[in-house]
Structures are given as structure tokens and as C-alpha cells.
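Below is one structure, written out as C-alpha cells; the observations come after it.
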Amino acid sequence: MSKTAPCGSWQSPITAELLTSKSISIYDPKLVDDDVYWVEMRPGNEGHYALVRQTFGQRPRDLVSGQYSVRTKVHEYGGNPYGVLDGKVLFSNFADDCLYTWRSSGRRRIEQFLPPNQCRYADFAVNRSTGRVYAVREDHSVPNQECSNTLVMVDTEARGSVVVMAQGHDFYSSPVLSRDGTKLAWLAWNHPDMPWDETELWMTDLDEFGEAVQPELVWAESGVSIFQPAWSPDNELFCVADPDGWWNLYRMDAEAPTNVCPMEAEFGAPQWVFGLSKYAFIDRTHILCTWSGASGGNLGILDLDTGELDPVDTPYSSFSSLSANERHGLFLAASPTHFPTLVLLDLVSREVRELRTANEVDVDAAFYSMPQAIEFETEGGQTAHAWYYPPANPEYEVPQGELPPLRVKSHGGPTSQTGNNLDLQIQYWTSRGFAVVDVNYGGSTGYGTAFRRRLNGAWGLVDVQDCGNAATYLVEQGLADGQRLSISGGSAGGFTTLACLAFTDRFHVGISYFGVSDLGALARETHKFESRYLDSLVGRYPEEAHIYEERSPLTGAEGITCPVLFLQGDEDKIVLPNQAEMMVDALRARGVPVAYLLFAGEQHGFRKAENIVRSLQAETSFLAQFFGYEPAEKLPDLDINMGSRGG
């Protein structure tokens, strides 16, 4: 029989420790003949990244782990840190940025291939028969200068041999070899564009040594973002692009690019990391692909001869990291009832086999809140989107006359998207009696190019309005307590959180994970990849420095009167710790209740189990103190500078 207890105080089996005890993150899966490879991030192992291989019919085993971490720092966000060749794997090691080889035979399985040279490598494309690997190189060898990015060829049969394939652009990504190894395609772009703003598609023939022969520009168009070039089995070049307002699939025909499946849907994604894959060739006329819209993701097989898109029925609603051959498809998938899972699809029977799941916790599904898609009015007659999660715990009921406190989540990026996948960090709160709304504000991806560009010149305005209006909508619907509204976010979402607190009076508590407080400092200090991102989101810097100052939460700190919790990694190179510390100092000076936790050894996003647990415990304690309920569990003390609640 259920009990009645104040929201927030409910006992839940979803504890902070549970979030990390049986959880991993899965990255960069690849299907190579009868082998599946992937990278696992293991919070319980200091956040190290292991390379795993599973041969069909056998158990998975680690190829690279222990003292090595298969991860790259290129663009700081990394991605695609390894390439599989015949009998060996070339990989990037996080600690020293060096390239290493793992070999299937020999006395020494793992050897350093390139010595430390202040260069980083990512986005590996391999010619398995020749041992040549094409990759993005980021060179940090010149002091006090911006790093340089090039596309290079690494010959694993000739130790130390690195040949520059393309240079002169600020950024490169997505090298891909034709099936016969005679052609190479890639993407390039320049400041101030980000890859979702405008990119160029290039290709070249390769000579007998695998080097470039007269590179040529294949497609470049003002305002067009090109994503994931790929070669068909008969050497036709494809990509995803958005000239018509949606990221759709295109074939590079002689006369002009041809949209092979016109839809108001997104077949692409923002390239925050390397190695993203939303489609893969099964054979010369069939593509396994995923597309998304307001209601979530889909999986299907596109027939290039007929243009028919045949949906594949699965229990999942989001799909990423696709690869395929004539027999199988491989992808990461999730849903509101499935944690992110590595899935093998039999393309004949359409049966799916789950190889690895990101979480093996045993929790009664009755404790899971099911997300509801909402669309609500916001400024200018527009609408925005969100996923709403009501409180859910079979052992408790909300007391009569009480409404649940609300957590508004503002995603990072900001050019990104939040989905409806099963997420224990959300379920942690809903199982304690909170309502949660995860907002896809204007500027989010997944709703077409026009929606994505709503944030251009308006970061700190549109996102702030949409997060506030999401809370207002739920209060007006009688789904949340209008006197207990909190907002949280990380990175760009932390900026939106702090801006909501500084420039509106909508919220009563704020929680910022490595959030931006000073836009000018971010423009001056952040890493190369994002150093001109704010040109489109805010304005040109320093020419329009006054806009940066006006929209910075630090400038508006006097408007913050509610309690704020700050959580930060001390090794963050994207949003430096001073962004949190300037804000903490400003609020403490004014007597605003504030707490600040700085985590040693963490970068942009927490990976160590003990720090993930501690940060969630801190949030729980912080909200309990200011929303007036007693948590069900005993929590570590949290040092809060209580100050004065006045302005």
C-alpha cells in the first residue's frame, strides 16, 4: 500500500551510488567482418576508456585497458580514437596523446607507434590491406599560438611515417576511403563557422603510395552544413546536408547533388565529436539509416533504386553510430525503457541481439517515469519543445493539496538536443517526488535548420525565454509547484541556468555544472574548436563586446537572489574553473546562499564514480535545504555560505 509523504522525501531504490555501480558509457562501435569493436568508459575505473572486441558467438574481451585509455583530446571532445587493421589496431592514448598499436600476435601486444610530439590524432579511416590510416591531426607544438589542424596519412607499416594530405583550413573531419582504396573524401571548414553552420566536401584520388593526387572541392554552398560523407560499394559519394532546411541524404551526381530521400526529418547531427554515423551501406542499393523528428528517432532501410524507406521495427526510439555489411547492422540504441545499448541487427530476419548495455541495474520499472512530449508557446508566437517527466514511485503518493517541485533541465551545446532515453539521473529525481522537464529550446537540433538557427545572435535570450516558459506552462497545467522551481544545466546549459537566474525571477534555486558566467572570458580563453562559436550565437568579438557583457550572468549577478550550487572540474579546458569562481565570489560578496565544489582530476564532464556520486548528493542536499523537505537518505555535509536571502 502506498504512503503519503512530501515530494522530495520519498525513499527510492535509485541511489546516487547505483548510478555508477553498474554503469558504463559505450562509444565508437565498429562492425569489422565477424568482429564488433567498441570503447567503454568505466566510472568505477577512474573513468578510463577500454577498447573491447567481441567475435560473433564468443564473449567480449578487453584488447586495451589497464594503464591505457583509448580516448583523444582533438577538439577537446574527441571521438573515433582508433582504427582496425588486419591483425592490429591503431589507437590514441589519452594520457600522453601518443599513437599506439595493439597486435593480435607477438611478444609485445601493445607498442608505442609515435613518440610524444605535442600532436593529437582522431577520426581514423583505415586501409586494412595496406596498413595506411587517415586521420585528423591537431598540432600543439608551437607555444603561444593556436594549434593547427591537418588531415594526415599514417603508414603503420613504416614506423614514424606521417604524410600531410590536406592543410590550410582551420578544421578537418570525417575522412573516408572508397571501398577499393583509390579515393578519399573528407570535410573541412573555417572560423567562424561551426560544422553545423557551413562545411565543405572534398575528395581526392590516391596514388600507389596512398597520397593525394589533386584534391578537389566537391560541394560548398553558403549556409549549408554537410555531414558524414560515405562511399557506396560501387564508389559513388554520398553525404548528409541541409540546403532545403533539413539534414537529408544526398548523392554526389555529376550535374548536382541529388536528395535521395526528401523528408522533413533529420538524418544528421551536430558534429561535437568525431566519428558520428547516421547511415551505413548494406550493399550498392540499400542503406541502413536513422532519422529523427519531434516524436523521436526511427530506423529504416532505404532502397536507392525505388526511393522507398522501409521502417525497421525495434523496441528502441533513438539510434546512433550505425555501421553495416550485407548480413548485419550495428548501432547504439535506447528508449524510455531501455538504457543505451549496443545492438546487432540481423538484416534478413530483422531480429535484434543486445551485445552490451550501458547499465545493468535491477530496478522495478514501476519506479521509472515515462516521458511525455510537450510543445508550448514561447516568445514571438513561436513554440518550443520538451520532455516532461511526472513523479513516479509505486510506494508513495503526493499529499493532497501539494504539487511536486520542478527541475528544469537546460541541455548543453547549445547546438544539441535532449532525447527521451532512459536516464537514471532523471529517474533519481522523479522517483523522489520531483517533476522534471528537459527542454529543447530554440536553437536545439532535431527540428530542422530554421529551428536550429533561432539561437543565432540570441544566445542568452531565446534559450532563457524557452526554459522559463516551459516552467510556466507546467505550473499553469497544475503539474508543478510554482513556488519550488529549480533549473540546472551543464556547460552551455549552465550558462542558460545562470542567465535565467540573473535576468528573470522565474526560479528559486539554480544548479550549474561547469557553466559559463562571463561570455567575454569564454571568447578569449576557450579552446580553438569553439573559439569563434560565439560569433554566431552572440556577435563578433571584440567588436561587439558590449553584447557579451550585457548577456553575461556575471554582469547580471546583482539580479540573483536565490541559492546557487556550482560544480566544476579543475582540469576543464573548455569552460575554465574561473568561470565558476568569478560567479561564486560575486554572489558571496552579496550574501547570496552559494555552495561550490571543485573536483580534482575532472575535465568537461565528470567521469569518476566518486565524483558523480558526490555531485548528485550535493544537489540533493542543496535542494532539500531550500525546498523544505527531509531527504530519505543520510547525506554528506555540504558547505553552504548561507549569507542573506536579500538582494
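Identifiers for the C-alpha cells are assigned positionally: chains receive A, B, ... in sequence, residues are indexed from 1 per chain, and ligands are indexed from 1 in the order shown.
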Please produce, as a Markdown table, a per-residue contact table for region 253-372 of chain A versus region 69-76 of chain A (criterion: any atom at most 9 Å away, only C-alpha atoms considered), showing the nearest atom pair and its distance in Å to one decimal, sorted by chain then residue number.
```
| residue | atom | partner | partner_atom | distance |
| --- | --- | --- | --- | --- |
| A:Trp272 | CA | A:His75 | CA | 8.5 |
| A:Val273 | CA | A:His75 | CA | 7.9 |
| A:Phe274 | CA | A:Val74 | CA | 8.9 |
```
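For region 473-520 of chain A, a DSSP pass over the backbone yields strand (DSSP E or B) at Leu485, Ser486, Ile487, Ser488, Gly489, Gly490, Val509, Gly510, Ile511, Ser512 and Tyr513 of chain A.
Closest to Gly268 (chain A) among A:Gly446, A:Lys22, A:Ser174, A:Gly401 is A:Gly446, based on only C-alpha atoms.
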| request: Determine, counting only C-alpha atoms, which protein, DNA and RNA residues have an atom within 9 Å of an atom of Gly412 (chain A); residues of the same chain fewer than 6 positions away are not included. Present the result as number ranges by chain. | output: A: 418, 489-496
Residues within 8 Å of Asp518 (chain A), only C-alpha atoms, excluding chain neighbours under 4 positions, as a PDB file with N, CA and C atoms, in the first residue's frame:
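And here is the file that came out, part.pdb:
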```pdb
ATOM      1  N   LEU A 522      35.004  33.636 -21.943  1.00  0.00           N
ATOM      2  CA  LEU A 522      34.898  32.410 -22.732  1.00  0.00           C
ATOM      3  C   LEU A 522      35.465  32.622 -24.129  1.00  0.00           C
ATOM      4  N   TYR A 548      28.313  40.935 -25.308  1.00  0.00           N
ATOM      5  CA  TYR A 548      28.840  39.883 -24.442  1.00  0.00           C
ATOM      6  C   TYR A 548      28.684  40.285 -22.975  1.00  0.00           C
ATOM      7  N   GLU A 549      29.010  41.525 -22.689  1.00  0.00           N
ATOM      8  CA  GLU A 549      28.903  41.986 -21.305  1.00  0.00           C
ATOM      9  C   GLU A 549      27.447  42.027 -20.854  1.00  0.00           C
ATOM     10  N   SER A 552      26.118  38.445 -20.096  1.00  0.00           N
ATOM     11  CA  SER A 552      26.857  37.596 -19.170  1.00  0.00           C
ATOM     12  C   SER A 552      26.170  37.548 -17.810  1.00  0.00           C
ATOM     13  N   PRO A 553      25.926  36.357 -17.281  1.00  0.00           N
ATOM     14  CA  PRO A 553      25.357  36.269 -15.935  1.00  0.00           C
ATOM     15  C   PRO A 553      26.186  37.001 -14.887  1.00  0.00           C
ATOM     16  N   LEU A 554      27.506  37.064 -15.089  1.00  0.00           N
ATOM     17  CA  LEU A 554      28.347  37.786 -14.140  1.00  0.00           C
ATOM     18  C   LEU A 554      27.952  39.257 -14.079  1.00  0.00           C
ATOM     19  N   THR A 555      27.632  39.836 -15.229  1.00  0.00           N
ATOM     20  CA  THR A 555      27.174  41.226 -15.261  1.00  0.00           C
ATOM     21  C   THR A 555      25.852  41.375 -14.517  1.00  0.00           C
ATOM     22  N   GLN A 579      35.416  30.547 -14.490  1.00  0.00           N
ATOM     23  CA  GLN A 579      34.041  30.929 -14.828  1.00  0.00           C
ATOM     24  C   GLN A 579      33.115  30.710 -13.629  1.00  0.00           C
TER      25      GLN A 579
END
```
| request: Please provide the set of residues having any atom within 9 Å of Leu187 (chain A), restricted to only C-alpha atoms, with same-chain residues fewer than 6 positions apart removed, written as a PyMOL selection string. | output: chain A and resi 171-175+195+199-203+226-229
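Interatomic distance, CA of Ala580 (chain A) to CA of Asn440 (chain A): 24.3 Å.
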| message | Could you pull out the alpha helix (DSSP H) residues of region 504-610 of chain A, going by DSSP on the backbone, and write them as a PyMOL selection string? | response | chain A and resi 519-525+533-537+545-551+577-589+609-610
